[in-house]
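Participant: Below is one structure. I have some questions about it.
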Amino acid sequence: PAAARRLLNQGISVVLGEFDNRTTYEDLQVHQARLLLANCEDTTNANITLTAREVSKDVPIVGIVEEENSTDILELSGCTHVFPLKVRLGEYLANRVSGLNKIDVIGSFRGLKVCEVSVRNTPMADATVRDSKFRERTGMNIVGVWNRGKMMPAYPDTWLRKNSIAVLAGASEQLVALNDWLGSSLSNEAPIMIIGAGTVGRVAMHRLKQKGLSVHVVDRDPGTKEHLEGVADHIVIGNANDRKILERAGINDVSAVLLSTNDDAVSVYLTVYCRKLRPDLRIASRITHERNLESIQR
């Protein structure tokens, strides 16, 4: 009731009820809903799905899972779609922190491929969209630019900075031309360090390994070494706010650091620390609360 009252005070419609009670979904008339989103723990989401299916066999149900292994359970429970968001986040961070300028296709729309590529070390760096002559050279269009965590539309005078991520759209055959154009900038690089080896960190590690990169991992849990032995190239157990730990993990030799601590305050702290140790370092971090975005960017 207290949580419901807070939401009502924010102008959000609320129905009070137990997740595992069929009456809750009958009172909600769930059979008339466009969508049911199960957004709790994996086990609770399975219970929500099973209970809702007693009332409606047809309502689309989307389930969020913490662990990718839970996907099959939710599908068997009756979910229409299952999204392992932490897995997607780990893949996304890996794409952001790698500097290989490999093209990451993120979707398609009516024959168009939508993809992202890092501007760093490409002919696009430090030029406007117009001056880059990107469309003339590849046939693709730059439709958006990620700058400092914010997505902006791309215009002819939009500046492409070395830390920008360009969002591109074009036909499949134009991706070939893009690959040829970027070919000279594709190169292997120094290892990447991941601080925090939870679900997101582990997914990012596997993604980076698939790209052929060397990965160093720092984590406080001694069990991490056993789980990642033979996968990560170098594992250091300890607190990342200890300079000796970072040095053992190769802070002076890595090309980038990915922060996956699940604690915004720790992430901000480590960003400052790593930046002081290596001013030229590329840093990617997850944050939980949007209010901390400006702080960590600064």
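Going by the structure tokens order, chains are called A, B, ..., each with residues numbered from 1, while ligands are numbered from 1 in the order shown.
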Tell me, counting only C-alpha atoms, for each residue of segment 36-153 of chain A within 12 Å of segment 158-175 of chain A, which pair of atoms is nearest and how far apart they are in Å to one decimal, in rows ordered by chain and increasing number, as a Markdown table.

Facilitator:
| residue | atom | partner | partner_atom | distance |
| --- | --- | --- | --- | --- |
| A:Asn95 | CA | A:Ile165 | CA | 10.2 |
| A:Arg96 | CA | A:Ile165 | CA | 8.1 |
| A:Val97 | CA | A:Asn163 | CA | 10.4 |
| A:Ser98 | CA | A:Ile165 | CA | 11.5 |
| A:Gly99 | CA | A:Asn163 | CA | 9.9 |
| A:Asn101 | CA | A:Ile165 | CA | 9.6 |
| A:Lys102 | CA | A:Leu175 | CA | 11.1 |
| A:Ile103 | CA | A:Leu175 | CA | 8.5 |
| A:Asp104 | CA | A:Val167 | CA | 9.6 |
| A:Val105 | CA | A:Leu168 | CA | 9.1 |
| A:Ile106 | CA | A:Val167 | CA | 9.4 |
| A:Gly107 | CA | A:Ala169 | CA | 9.6 |
| A:Ser108 | CA | A:Ala169 | CA | 8.7 |
| A:Phe109 | CA | A:Ala169 | CA | 9.3 |
| A:Arg110 | CA | A:Ala171 | CA | 9.7 |
| A:Gly111 | CA | A:Ala171 | CA | 6.5 |
| A:Leu112 | CA | A:Ala171 | CA | 5.0 |
| A:Lys113 | CA | A:Gly170 | CA | 5.4 |
| A:Val114 | CA | A:Ala169 | CA | 4.6 |
| A:Cys115 | CA | A:Leu168 | CA | 5.2 |
| A:Glu116 | CA | A:Val167 | CA | 4.6 |
| A:Val117 | CA | A:Ala166 | CA | 5.5 |
| A:Ser118 | CA | A:Ile165 | CA | 4.6 |
| A:Val119 | CA | A:Lys162 | CA | 5.4 |
| A:Arg120 | CA | A:Lys162 | CA | 4.5 |
| A:Asn121 | CA | A:Lys162 | CA | 7.3 |
| A:Thr122 | CA | A:Lys162 | CA | 8.4 |
| A:Pro123 | CA | A:Lys162 | CA | 10.0 |
| A:Met124 | CA | A:Leu160 | CA | 6.5 |
| A:Ala125 | CA | A:Lys162 | CA | 4.9 |
| A:Asp126 | CA | A:Arg161 | CA | 4.8 |
| A:Ala127 | CA | A:Leu160 | CA | 5.5 |
| A:Thr128 | CA | A:Trp159 | CA | 4.3 |
| A:Val129 | CA | A:Thr158 | CA | 5.8 |
| A:Arg130 | CA | A:Thr158 | CA | 8.1 |
| A:Asp131 | CA | A:Trp159 | CA | 9.4 |
| A:Ser132 | CA | A:Leu160 | CA | 8.8 |
| A:Phe134 | CA | A:Leu168 | CA | 10.1 |
| A:Arg135 | CA | A:Gly170 | CA | 9.7 |
| A:Glu136 | CA | A:Gln174 | CA | 11.2 |
| A:Arg137 | CA | A:Gln174 | CA | 9.8 |
| A:Thr138 | CA | A:Gln174 | CA | 6.2 |
| A:Gly139 | CA | A:Gln174 | CA | 6.1 |
| A:Met140 | CA | A:Gly170 | CA | 4.7 |
| A:Asn141 | CA | A:Ala169 | CA | 5.4 |
| A:Ile142 | CA | A:Leu168 | CA | 4.6 |
| A:Val143 | CA | A:Leu168 | CA | 5.6 |
| A:Gly144 | CA | A:Val167 | CA | 4.9 |
| A:Val145 | CA | A:Ala166 | CA | 4.7 |
| A:Trp146 | CA | A:Ile165 | CA | 4.9 |
| A:Asn147 | CA | A:Ser164 | CA | 5.2 |
| A:Arg148 | CA | A:Ser164 | CA | 7.6 |
| A:Gly149 | CA | A:Ser164 | CA | 9.3 |
| A:Lys150 | CA | A:Ser164 | CA | 10.0 |
| A:Met151 | CA | A:Ile165 | CA | 9.1 |
| A:Met152 | CA | A:Thr158 | CA | 9.2 |
| A:Pro153 | CA | A:Thr158 | CA | 8.5 |

Participant: Within segment 148-228 of chain A, find each residue whose DSSP state, derived from the backbone, is strand (DSSP E or B), and express the selection as a short mmCIF file (atom, residue, chain, number, x, y, z; two decimals) with N, CA, C and O atoms, in the first residue's frame.

Facilitator:
data_model
loop_
_atom_site.label_atom_id
_atom_site.label_comp_id
_atom_site.auth_asym_id
_atom_site.auth_seq_id
_atom_site.Cartn_x
_atom_site.Cartn_y
_atom_site.Cartn_z
N LYS A 150 24.69 11.03 -25.16
CA LYS A 150 23.44 11.56 -25.68
C LYS A 150 23.39 11.38 -27.19
O LYS A 150 24.35 11.64 -27.90
N MET A 151 22.20 10.94 -27.67
CA MET A 151 22.00 10.73 -29.09
C MET A 151 21.46 12.01 -29.72
O MET A 151 20.47 12.57 -29.26
N MET A 152 22.13 12.48 -30.78
CA MET A 152 21.72 13.69 -31.47
C MET A 152 21.53 13.39 -32.95
O MET A 152 22.24 12.57 -33.53
N PRO A 153 20.56 14.07 -33.60
CA PRO A 153 20.42 13.90 -35.05
C PRO A 153 21.64 14.48 -35.77
O PRO A 153 22.30 15.39 -35.25
N TRP A 159 29.43 18.14 -35.99
CA TRP A 159 30.86 17.83 -35.83
C TRP A 159 31.02 16.39 -35.34
O TRP A 159 30.39 15.98 -34.37
N LEU A 160 31.88 15.64 -35.99
CA LEU A 160 32.17 14.26 -35.60
C LEU A 160 33.48 14.25 -34.83
O LEU A 160 34.56 14.39 -35.42
N ILE A 165 30.20 8.31 -31.58
CA ILE A 165 29.75 7.07 -32.22
C ILE A 165 28.76 7.48 -33.30
O ILE A 165 27.75 8.12 -33.01
N ALA A 166 29.05 7.14 -34.54
CA ALA A 166 28.17 7.50 -35.65
C ALA A 166 27.12 6.41 -35.85
O ALA A 166 27.43 5.22 -35.84
N VAL A 167 25.87 6.83 -36.03
CA VAL A 167 24.77 5.91 -36.35
C VAL A 167 24.51 6.03 -37.84
O VAL A 167 24.23 7.12 -38.35
N LEU A 168 24.58 4.91 -38.54
CA LEU A 168 24.53 4.90 -40.00
C LEU A 168 23.35 4.11 -40.51
O LEU A 168 22.86 3.20 -39.84
N ALA A 169 22.90 4.44 -41.72
CA ALA A 169 21.82 3.69 -42.36
C ALA A 169 22.16 3.51 -43.83
O ALA A 169 22.61 4.45 -44.50
N GLY A 170 21.93 2.30 -44.34
CA GLY A 170 22.20 2.04 -45.74
C GLY A 170 21.85 0.61 -46.10
O GLY A 170 21.47 -0.20 -45.24
N ILE A 192 42.02 -4.63 -23.01
CA ILE A 192 40.97 -3.83 -22.38
C ILE A 192 40.75 -4.37 -20.98
O ILE A 192 40.70 -5.59 -20.77
N MET A 193 40.63 -3.46 -20.01
CA MET A 193 40.41 -3.86 -18.63
C MET A 193 38.93 -3.72 -18.27
O MET A 193 38.30 -2.71 -18.58
N ILE A 194 38.40 -4.75 -17.62
CA ILE A 194 37.03 -4.72 -17.11
C ILE A 194 37.09 -4.74 -15.59
O ILE A 194 37.69 -5.63 -15.00
N ILE A 195 36.48 -3.74 -14.97
CA ILE A 195 36.40 -3.68 -13.51
C ILE A 195 34.97 -4.04 -13.09
O ILE A 195 34.04 -3.31 -13.38
N VAL A 215 41.64 -9.36 -22.75
CA VAL A 215 40.85 -8.77 -21.68
C VAL A 215 41.48 -9.05 -20.32
O VAL A 215 41.80 -10.19 -20.00
N HIS A 216 41.66 -7.98 -19.54
CA HIS A 216 42.11 -8.08 -18.15
C HIS A 216 40.92 -7.76 -17.25
O HIS A 216 40.19 -6.81 -17.50
N VAL A 217 40.74 -8.55 -16.19
CA VAL A 217 39.59 -8.41 -15.31
C VAL A 217 40.04 -8.13 -13.89
O VAL A 217 40.98 -8.76 -13.38
N VAL A 218 39.36 -7.17 -13.25
CA VAL A 218 39.57 -6.87 -11.83
C VAL A 218 38.26 -7.07 -11.11
O VAL A 218 37.22 -6.53 -11.52
N ASP A 219 38.27 -7.86 -10.03
CA ASP A 219 37.05 -8.10 -9.28
C ASP A 219 37.41 -8.42 -7.83
O ASP A 219 38.49 -8.94 -7.55
#

Participant: I need the residues in segment 60-298 of chain A that are alpha helix (DSSP H) according to DSSP; give them as a PyMOL selection string.

Facilitator: chain A and resi 71-77+85-97+129-132+134-138+172-182+199-210+223-228+243-249+264-277+293-297

Participant: Excluding Lys276 of chain A and residues on its chain fewer than 6 positions from it, collect all residues at most 12 Å away from it, counting only C-alpha atoms, and give them as a VMD selection string.

Facilitator: chain A and resid 243 251 to 252 269 to 270

Participant: May I have a table of the residues of segment 13-36 of chain A lying at most 10 Å from segment 3-9 of chain A, giving each one's closest pair of atoms and their distance in Å to one decimal, counting only C-alpha atoms, ordered by chain and ascending residue number, as CSV?

Facilitator:
residue,atom,partner,partner_atom,distance
A:Ser13,CA,A:Leu8,CA,6.2
A:Val14,CA,A:Ala4,CA,6.1
A:Val15,CA,A:Ala4,CA,7.5
A:Leu16,CA,A:Ala4,CA,6.7
A:Gly17,CA,A:Ala4,CA,9.9

Participant: Distance atom CA of Gln297 of chain A-atom CA of Val268 of chain A, one decimal place?

Facilitator: 8.8 Å

Participant: With distances taken over only C-alpha atoms, which residue among A:Ala197, A:Ala94, A:Met205, A:Ile245 lies nearest Ile283 of chain A?

Facilitator: A:Ala94

Participant: Provide the atom CA of Gly238 of chain A to atom CA of Leu277 of chain A distance in Å, to one decimal place.

Facilitator: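 Result for atom CA of Gly238 of chain A versus atom CA of Leu277 of chain A: 17.8 Å, one decimal.
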